[in-house]
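Data block for structure-v1.cif (mmCIF, C-alpha atoms and all ligand atoms):
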data_structure
#
loop_
_atom_site.label_atom_id
_atom_site.label_comp_id
_atom_site.auth_asym_id
_atom_site.auth_seq_id
_atom_site.Cartn_x
_atom_site.Cartn_y
_atom_site.Cartn_z
CA MET A 1 5.66 -78.49 19.07
CA SER A 2 5.33 -80.94 16.16
CA SER A 3 3.34 -79.85 13.13
CA ALA A 4 0.56 -82.43 13.65
CA LEU A 5 -3.01 -81.48 14.60
CA LEU A 6 -4.50 -83.41 17.48
CA ARG A 7 -8.26 -83.41 18.07
CA HIS A 8 -8.98 -83.14 21.78
CA PRO A 9 -12.45 -84.38 22.76
CA ARG A 10 -12.76 -82.11 25.81
CA LEU A 11 -11.95 -78.91 23.99
CA ILE A 12 -15.25 -77.30 22.98
CA THR A 13 -15.27 -74.05 21.03
CA LEU A 14 -17.99 -71.53 20.26
CA GLU A 15 -17.92 -69.65 17.02
CA GLY A 16 -20.11 -67.26 15.12
CA GLY A 17 -20.39 -63.71 13.88
CA GLU A 18 -21.00 -60.59 15.86
CA GLY A 19 -24.07 -60.69 18.11
CA ALA A 20 -24.61 -64.41 17.50
CA GLY A 21 -25.16 -64.97 21.23
CA LYS A 22 -22.01 -66.81 22.25
CA THR A 23 -22.42 -65.67 25.85
CA THR A 24 -25.79 -67.43 26.23
CA ALA A 25 -24.37 -70.49 24.49
CA ILE A 26 -21.19 -70.80 26.51
CA ASN A 27 -23.15 -70.46 29.76
CA ALA A 28 -25.59 -73.17 28.64
CA ALA A 29 -22.74 -75.55 27.78
CA ARG A 30 -20.98 -74.76 31.07
CA ASP A 31 -24.12 -75.33 33.15
CA TYR A 32 -24.86 -78.61 31.39
CA LEU A 33 -21.35 -80.01 31.91
CA ARG A 34 -21.05 -78.76 35.50
CA GLY A 35 -24.44 -80.31 36.19
CA LEU A 36 -22.86 -83.64 35.30
CA GLY A 37 -20.06 -82.96 37.79
CA HIS A 38 -17.30 -82.06 35.33
CA GLU A 39 -14.68 -79.39 35.88
CA VAL A 40 -15.19 -76.74 33.23
CA VAL A 41 -12.74 -73.97 32.33
CA LEU A 42 -14.25 -70.99 30.51
CA THR A 43 -11.94 -68.94 28.37
CA ARG A 44 -11.89 -66.76 25.27
CA GLU A 45 -9.89 -65.65 22.25
CA PRO A 46 -8.09 -63.54 21.51
CA GLY A 47 -7.16 -63.63 25.17
CA GLY A 48 -7.30 -66.05 28.07
CA THR A 49 -3.92 -65.13 29.62
CA PRO A 50 -2.64 -61.70 30.74
CA LEU A 51 -0.30 -61.48 27.75
CA ALA A 52 -2.92 -62.73 25.28
CA GLU A 53 -5.45 -60.24 26.71
CA ARG A 54 -2.89 -57.49 26.09
CA ILE A 55 -2.62 -58.65 22.48
CA ARG A 56 -6.43 -58.62 22.26
CA GLY A 57 -6.34 -54.96 23.26
CA LEU A 58 -3.79 -54.18 20.54
CA VAL A 59 -5.93 -55.89 17.89
CA LEU A 60 -9.40 -54.70 18.92
CA LYS A 61 -8.95 -51.50 20.91
CA PRO A 62 -5.60 -49.91 20.10
CA ASP A 63 -4.76 -46.92 22.29
CA GLU A 64 -4.36 -43.41 20.87
CA GLU A 65 -0.65 -43.81 20.31
CA ILE A 66 -1.03 -46.68 17.82
CA ALA A 67 -4.64 -46.24 16.62
CA ALA A 68 -3.52 -43.98 13.77
CA GLU A 69 -1.20 -46.67 12.38
CA PRO A 70 -3.25 -49.04 10.22
CA LEU A 71 -2.79 -52.66 11.30
CA SER A 72 -2.01 -54.83 8.29
CA ALA A 73 -4.01 -58.01 7.78
CA GLU A 74 -0.79 -60.02 8.07
CA ALA A 75 0.16 -58.44 11.40
CA GLU A 76 -3.41 -59.00 12.65
CA LEU A 77 -3.18 -62.69 11.80
CA LEU A 78 0.19 -63.11 13.50
CA LEU A 79 -1.02 -61.26 16.59
CA VAL A 80 -4.08 -63.49 17.02
CA PHE A 81 -1.86 -66.54 16.58
CA ALA A 82 0.71 -65.21 19.06
CA ALA A 83 -2.12 -64.85 21.58
CA ARG A 84 -3.39 -68.34 20.74
CA ALA A 85 0.03 -70.00 21.07
CA GLN A 86 0.31 -68.56 24.56
CA HIS A 87 -3.30 -69.40 25.47
CA VAL A 88 -2.94 -73.03 24.37
CA ARG A 89 0.23 -73.60 26.37
CA ARG A 90 -0.66 -71.65 29.52
CA VAL A 91 -4.37 -72.42 29.89
CA ILE A 92 -5.86 -74.95 27.48
CA GLN A 93 -3.32 -77.76 27.57
CA PRO A 94 -2.88 -77.77 31.37
CA ALA A 95 -6.67 -77.88 31.86
CA LEU A 96 -7.13 -80.69 29.33
CA GLN A 97 -4.27 -82.63 30.90
CA ARG A 98 -5.97 -82.62 34.29
CA GLY A 99 -9.20 -83.86 32.71
CA ALA A 100 -11.22 -80.63 32.64
CA PHE A 101 -13.46 -79.55 29.80
CA VAL A 102 -12.34 -76.30 28.19
CA LEU A 103 -15.00 -74.04 26.67
CA SER A 104 -13.42 -71.39 24.52
CA ASP A 105 -15.34 -68.42 23.18
CA ARG A 106 -13.69 -68.48 19.72
CA PHE A 107 -10.61 -70.41 18.58
CA THR A 108 -8.78 -71.07 15.31
CA ASP A 109 -11.94 -71.21 13.16
CA SER A 110 -12.26 -67.47 13.83
CA SER A 111 -8.89 -66.90 12.18
CA TYR A 112 -10.02 -68.79 9.07
CA ALA A 113 -13.26 -66.78 9.06
CA TYR A 114 -12.02 -63.26 9.93
CA GLN A 115 -8.45 -63.15 8.66
CA GLY A 116 -9.05 -65.68 5.86
CA GLY A 117 -12.60 -64.84 4.75
CA GLY A 118 -12.85 -61.26 5.99
CA ARG A 119 -9.33 -60.03 5.19
CA GLY A 120 -8.65 -62.38 2.27
CA LEU A 121 -5.48 -64.01 3.64
CA ASP A 122 -4.42 -67.40 2.28
CA ALA A 123 -6.04 -70.29 4.19
CA HIS A 124 -2.92 -72.43 3.61
CA TRP A 125 -0.88 -69.97 5.64
CA ILE A 126 -3.48 -70.12 8.43
CA ALA A 127 -3.43 -73.93 8.31
CA ASP A 128 0.34 -73.90 8.61
CA LEU A 129 0.20 -71.61 11.65
CA GLU A 130 -2.51 -73.81 13.13
CA ARG A 131 -0.32 -76.92 12.83
CA ARG A 132 2.87 -75.28 14.04
CA ALA A 133 1.68 -72.86 16.74
CA VAL A 134 -1.53 -74.51 17.99
CA GLY A 135 -1.51 -78.24 17.27
CA LEU A 136 -4.99 -78.72 18.73
CA LEU A 137 -8.40 -79.21 17.15
CA PRO A 138 -11.60 -79.04 19.22
CA GLY A 139 -13.67 -82.17 19.75
CA LEU A 140 -16.82 -80.09 19.27
CA THR A 141 -17.36 -76.68 17.72
CA LEU A 142 -20.72 -75.04 18.24
CA LEU A 143 -21.32 -72.66 15.37
CA LEU A 144 -23.96 -70.07 16.22
CA ASP A 145 -25.24 -69.14 12.83
CA VAL A 146 -27.34 -66.04 12.32
CA ASP A 147 -28.07 -63.63 9.52
CA VAL A 148 -25.47 -60.84 9.55
CA ALA A 149 -28.08 -58.07 9.79
CA ILE A 150 -29.72 -59.68 12.83
CA GLY A 151 -26.38 -60.23 14.59
CA ARG A 152 -25.22 -56.68 13.90
CA ALA A 153 -28.50 -55.20 15.12
CA ARG A 154 -28.14 -57.13 18.37
CA ALA A 155 -24.53 -56.04 18.82
CA ASN A 156 -25.36 -52.41 18.06
CA GLY A 157 -28.19 -52.55 20.59
CA ARG A 158 -25.64 -52.97 23.37
CA ASP A 159 -24.63 -49.33 23.34
CA LEU A 160 -20.90 -50.10 23.29
CA TRP A 161 -18.38 -48.33 21.09
CA PRO A 162 -17.57 -50.71 18.16
CA ASP A 163 -14.03 -52.15 18.18
CA ARG A 164 -11.69 -52.24 15.14
CA ILE A 165 -13.27 -55.36 13.65
CA GLU A 166 -16.87 -54.50 14.53
CA SER A 167 -16.38 -51.31 12.51
CA GLU A 168 -16.08 -53.33 9.27
CA GLN A 169 -18.84 -53.25 6.64
CA ASP A 170 -21.54 -55.89 6.07
CA ASP A 171 -19.73 -57.56 3.14
CA PHE A 172 -16.80 -58.35 5.47
CA PHE A 173 -19.20 -60.12 7.86
CA GLN A 174 -20.92 -61.93 4.98
CA ARG A 175 -17.54 -63.41 4.01
CA VAL A 176 -16.87 -64.32 7.64
CA ARG A 177 -20.21 -66.13 7.87
CA ALA A 178 -19.63 -67.94 4.57
CA VAL A 179 -16.29 -69.34 5.79
CA PHE A 180 -17.78 -70.53 9.10
CA ARG A 181 -20.60 -72.31 7.25
CA GLU A 182 -18.24 -73.83 4.72
CA ARG A 183 -15.97 -75.18 7.46
CA ALA A 184 -19.00 -76.67 9.25
CA THR A 185 -20.09 -78.40 6.03
CA GLN A 186 -16.60 -79.79 5.50
CA ASP A 187 -16.30 -81.23 9.02
CA PRO A 188 -19.76 -82.29 10.26
CA GLN A 189 -18.15 -84.63 12.81
CA ARG A 190 -16.69 -81.68 14.68
CA PHE A 191 -19.27 -78.94 14.08
CA ALA A 192 -22.80 -78.60 15.42
CA VAL A 193 -24.57 -75.71 13.73
CA ILE A 194 -27.07 -73.92 15.98
CA ASP A 195 -29.78 -71.68 14.57
CA ALA A 196 -28.91 -68.54 16.52
CA SER A 197 -31.86 -66.54 15.20
CA GLN A 198 -34.03 -68.31 17.78
CA ALA A 199 -34.85 -66.76 21.15
CA GLN A 200 -32.15 -67.15 23.82
CA PRO A 201 -33.82 -70.03 25.75
CA ALA A 202 -34.16 -72.02 22.52
CA VAL A 203 -30.51 -71.38 21.64
CA ALA A 204 -29.45 -72.46 25.15
CA ALA A 205 -31.52 -75.66 24.85
CA ALA A 206 -30.06 -76.46 21.41
CA VAL A 207 -26.52 -75.98 22.75
CA ALA A 208 -27.11 -78.26 25.76
CA ALA A 209 -28.68 -80.85 23.44
CA ALA A 210 -25.69 -80.76 21.07
CA VAL A 211 -23.26 -81.27 23.96
CA ALA A 212 -25.41 -84.06 25.40
CA GLN A 213 -25.63 -85.82 22.04
CA ARG A 214 -21.87 -85.66 21.58
CA LEU A 215 -21.31 -87.04 25.08
CA GLN A 216 -23.73 -89.91 24.45
CA GLN A 217 -21.93 -90.77 21.23
CA GLY A 218 -18.72 -90.98 23.25
CA GLY A 219 -17.30 -88.09 21.24
CA LEU A 220 -16.22 -86.05 24.27
CA ALA A 221 -14.84 -88.77 26.52
N1 LIG A 301 -11.18 -62.43 16.05
C1 LIG A 301 -10.43 -62.52 14.90
O1 LIG A 301 -10.52 -61.64 14.04
N2 LIG A 301 -9.61 -63.58 14.73
C2 LIG A 301 -9.45 -64.55 15.64
O2 LIG A 301 -8.68 -65.51 15.44
C3 LIG A 301 -10.24 -64.45 16.84
C4 LIG A 301 -11.09 -63.38 17.00
C5 LIG A 301 -10.12 -65.51 17.89
C6 LIG A 301 -13.56 -60.44 19.36
O3 LIG A 301 -14.37 -61.52 19.54
C7 LIG A 301 -13.23 -60.19 17.93
O4 LIG A 301 -12.03 -60.87 17.60
C8 LIG A 301 -14.26 -60.65 16.94
C9 LIG A 301 -13.52 -61.58 16.00
C10 LIG A 301 -12.08 -61.30 16.25
N3 LIG A 301 -14.71 -59.49 16.24
N4 LIG A 301 -15.81 -59.27 15.78
N5 LIG A 301 -16.75 -58.91 15.33
P1 LIG A 301 -15.59 -61.46 20.54
O5 LIG A 301 -16.20 -62.81 20.49
O6 LIG A 301 -15.16 -60.92 21.84
O7 LIG A 301 -16.49 -60.31 19.87
P2 LIG A 301 -17.83 -60.41 19.13
O8 LIG A 301 -18.01 -61.54 18.21
O9 LIG A 301 -17.92 -59.05 18.53
O10 LIG A 301 -18.78 -60.66 20.35
P3 LIG A 301 -20.23 -60.27 20.46
O11 LIG A 301 -20.70 -59.26 19.48
O12 LIG A 301 -20.38 -59.93 21.87
O13 LIG A 301 -20.96 -61.59 20.04
P4 LIG A 301 -21.58 -62.67 20.98
O14 LIG A 301 -20.66 -62.94 22.13
O15 LIG A 301 -21.92 -63.81 20.14
O16 LIG A 301 -22.91 -61.99 21.49
P5 LIG A 301 -23.49 -61.85 22.96
O17 LIG A 301 -22.66 -60.90 23.79
O18 LIG A 301 -23.80 -63.14 23.54
O19 LIG A 301 -24.85 -61.12 22.56
C11 LIG A 301 -24.83 -59.87 21.94
C12 LIG A 301 -26.15 -59.12 22.23
O20 LIG A 301 -27.22 -59.82 21.60
C13 LIG A 301 -26.50 -59.05 23.71
O21 LIG A 301 -27.12 -57.83 23.97
C14 LIG A 301 -27.48 -60.20 23.89
O22 LIG A 301 -28.38 -59.97 24.93
C15 LIG A 301 -28.18 -60.22 22.54
N6 LIG A 301 -28.60 -61.58 22.16
C16 LIG A 301 -27.85 -62.69 22.22
N7 LIG A 301 -28.56 -63.75 21.80
C17 LIG A 301 -29.77 -63.30 21.45
C18 LIG A 301 -30.96 -63.93 20.93
N8 LIG A 301 -30.99 -65.23 20.68
N9 LIG A 301 -32.02 -63.15 20.69
C19 LIG A 301 -31.97 -61.81 20.93
N10 LIG A 301 -30.91 -61.15 21.43
C20 LIG A 301 -29.82 -61.90 21.68
#
Structure rendered as structure tokens:
Amino acid sequence: MSSALLRHPRLITLEGGEGAGKTTAINAARDYLRGLGHEVVLTREPGGTPLAERIRGLVLKPDEEIAAEPLSAEAELLLVFAARAQHVRRVIQPALQRGAFVLSDRFTDSSYAYQGGGRGLDAHWIADLERRAVGLLPGLTLLLDVDVAIGRARANGRDLWPDRIESEQDDFFQRVRAVFRERATQDPQRFAVIDASQAQPAVAAAVAAAVAQRLQQGGLA
């Protein structure tokens, strides 16, 4: 793949911290687009293909055999990009080529936020991987922005065992949030920031409205 970044109007990504409510949001965007008669492919990162889902397991829920071996930040970054390279080629590009909308629960912005902001890795390295291994920019990124404490309280309320990244401290998630917000400020054409502290129906309505507005502007054609 060349090292250029191509913005694809039908690739829509959802981003945000833990407990931001991406599930509600992705369903709202899916229902809105399907209601207009579009084919919509729902997918997620890390993951989206059998191999990429296996990588997700290594990064988030390592089994007993490897859990004792600390995963370096660099290896974590390369693993999420290995999963993404596979996901783009096996799922995202074929769907876009046949004219479908692709809704991805997380994409490259998460690497800037978690591995860049959270782990402190160099954003230039991430940008280089993005150009060489991904080559695609979303036409619309819905950033579900919520106070870290609120998001974490929601996530903890689910009664699930926290994964490797969820076990990080609040300052890690504050850095993650800061990078997401900074990226949204730098690229207002691509990002729509949704106030995710609202109740779920209000978040769903704001998501559908953001997608509708982008469609009306011709930004997703
Ligand atoms: N990661 C990475 O490090 N680098 C990368 O490049 C990529 C990912 C792509 C997995 O992502 C992890 O991978 C993630 C970043 C890392 N780690 N963390 N943290 P994930 O998206 O699968 O995991 P997550 O962010 O932890 O998901 P989450 O906590 O499930 O967040 P969510 O999907 O936004 O939340 P939700 O499931 O929709 O809602 C969570 C709970 O809150 C649930 O009980 C809801 O009923 C409740 N909720 C949701 N919205 C509301 C509102 N508005 N009011 C009240 N309650 C609500």
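When all atoms listed in the file are used to measure the gap to A:Gly47, the shortest distance among A:Ala67, A:Leu79, A:Ala184, A:Arg30 belongs to A:Leu79.
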Point out the residue among A:Leu11, A:Ala28, A:Ala82, A:Val59 with the least atom-to-atom distance to A:Pro94, counting only C-alpha atoms.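 Result for the nearest residue to A:Pro94: A:Leu11.
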Shell of 8 Å around ligand LIG 301 (chain A) (all atoms listed in the file), written as a ChimeraX atom specification: /A:15-25,44-46,56,59-60,76-77,80-81,84,105-115,144,151-152,154-158,163-166,173,196-203
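The space separating atom CA of A:Glu130 from atom CA of A:Ala85 comes to 9.2 Å.
Atom CA of A:Gly139 is positioned 5.2 Å from atom CA of A:His8.
Closest approach to A:Ala206 from the set A:Ala123, A:Val148, A:Val41, A:Leu142 is made by A:Leu142, with distances taken over all atoms listed in the file.
Considering the residues A:Pro138, A:Gly218, A:Pro188, A:Pro70 and counting only C-alpha atoms, A:Phe101 has its shortest atom-to-atom contact with A:Pro138.
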One decimal, Å: what's the distance from atom CA of A:Gln213 over to atom CA of A:Ala127, could you say?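 So the two atoms, atom CA of A:Gln213 and atom CA of A:Ala127, lie 28.7 Å apart.
Of the listed residues A:Thr185, A:Gln216, A:Ile66, A:Ala178, the one whose atoms come nearest to A:Gly117 is A:Ala178, with distances taken using only C-alpha atoms.
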For A:Leu143, which residue out of A:Arg177, A:Arg98, A:His38, A:His87 is the nearest one, using all atoms listed in the file?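 Smallest separation from A:Leu143 among the options: A:Arg177.
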When you look at A:Ser104 with a cut-off of 7 Å (counting all atoms listed in the file), what residues show up, excluding the ones that are within fewer than 4 positions of it in the same chain? I need them as an NGL selection string. :A and (12-14 or 42-44)
Selection as a VMD selection string: residues within 7 Å of (-16.4, -82.8, 31.1), counting only C-alpha atoms: chain A and resid 10 33 38 to 40 100 to 101
Residues within 9 Å of A:Leu5, only C-alpha atoms, excluding chain neighbours under 3 positions, as a PyMOL selection string: chain A and resi 2+130-132+134-137
May I have the residues within 7 Å of A:Arg175 as a list in words, using all atoms listed in the file and disregarding those fewer than 4 positions away in the same chain? Gly117, Gly118, Asp171 and Val179 of chain A
Selection near A:Ala212, 12 Å with all atoms listed in the file, sequence-local residues under 2 positions removed, as a list in words: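 Everything that qualifies: Ala28, Ala29, Arg30, Asp31, Tyr32, Leu33, Gly35, Leu36, Leu140, Ala192, Ala205, Ala206, Val207, Ala208, Ala209, Ala210, Arg214, Leu215, Gln216, Gln217, Gly218, Gly219, Leu220 and Ala221 of chain A.
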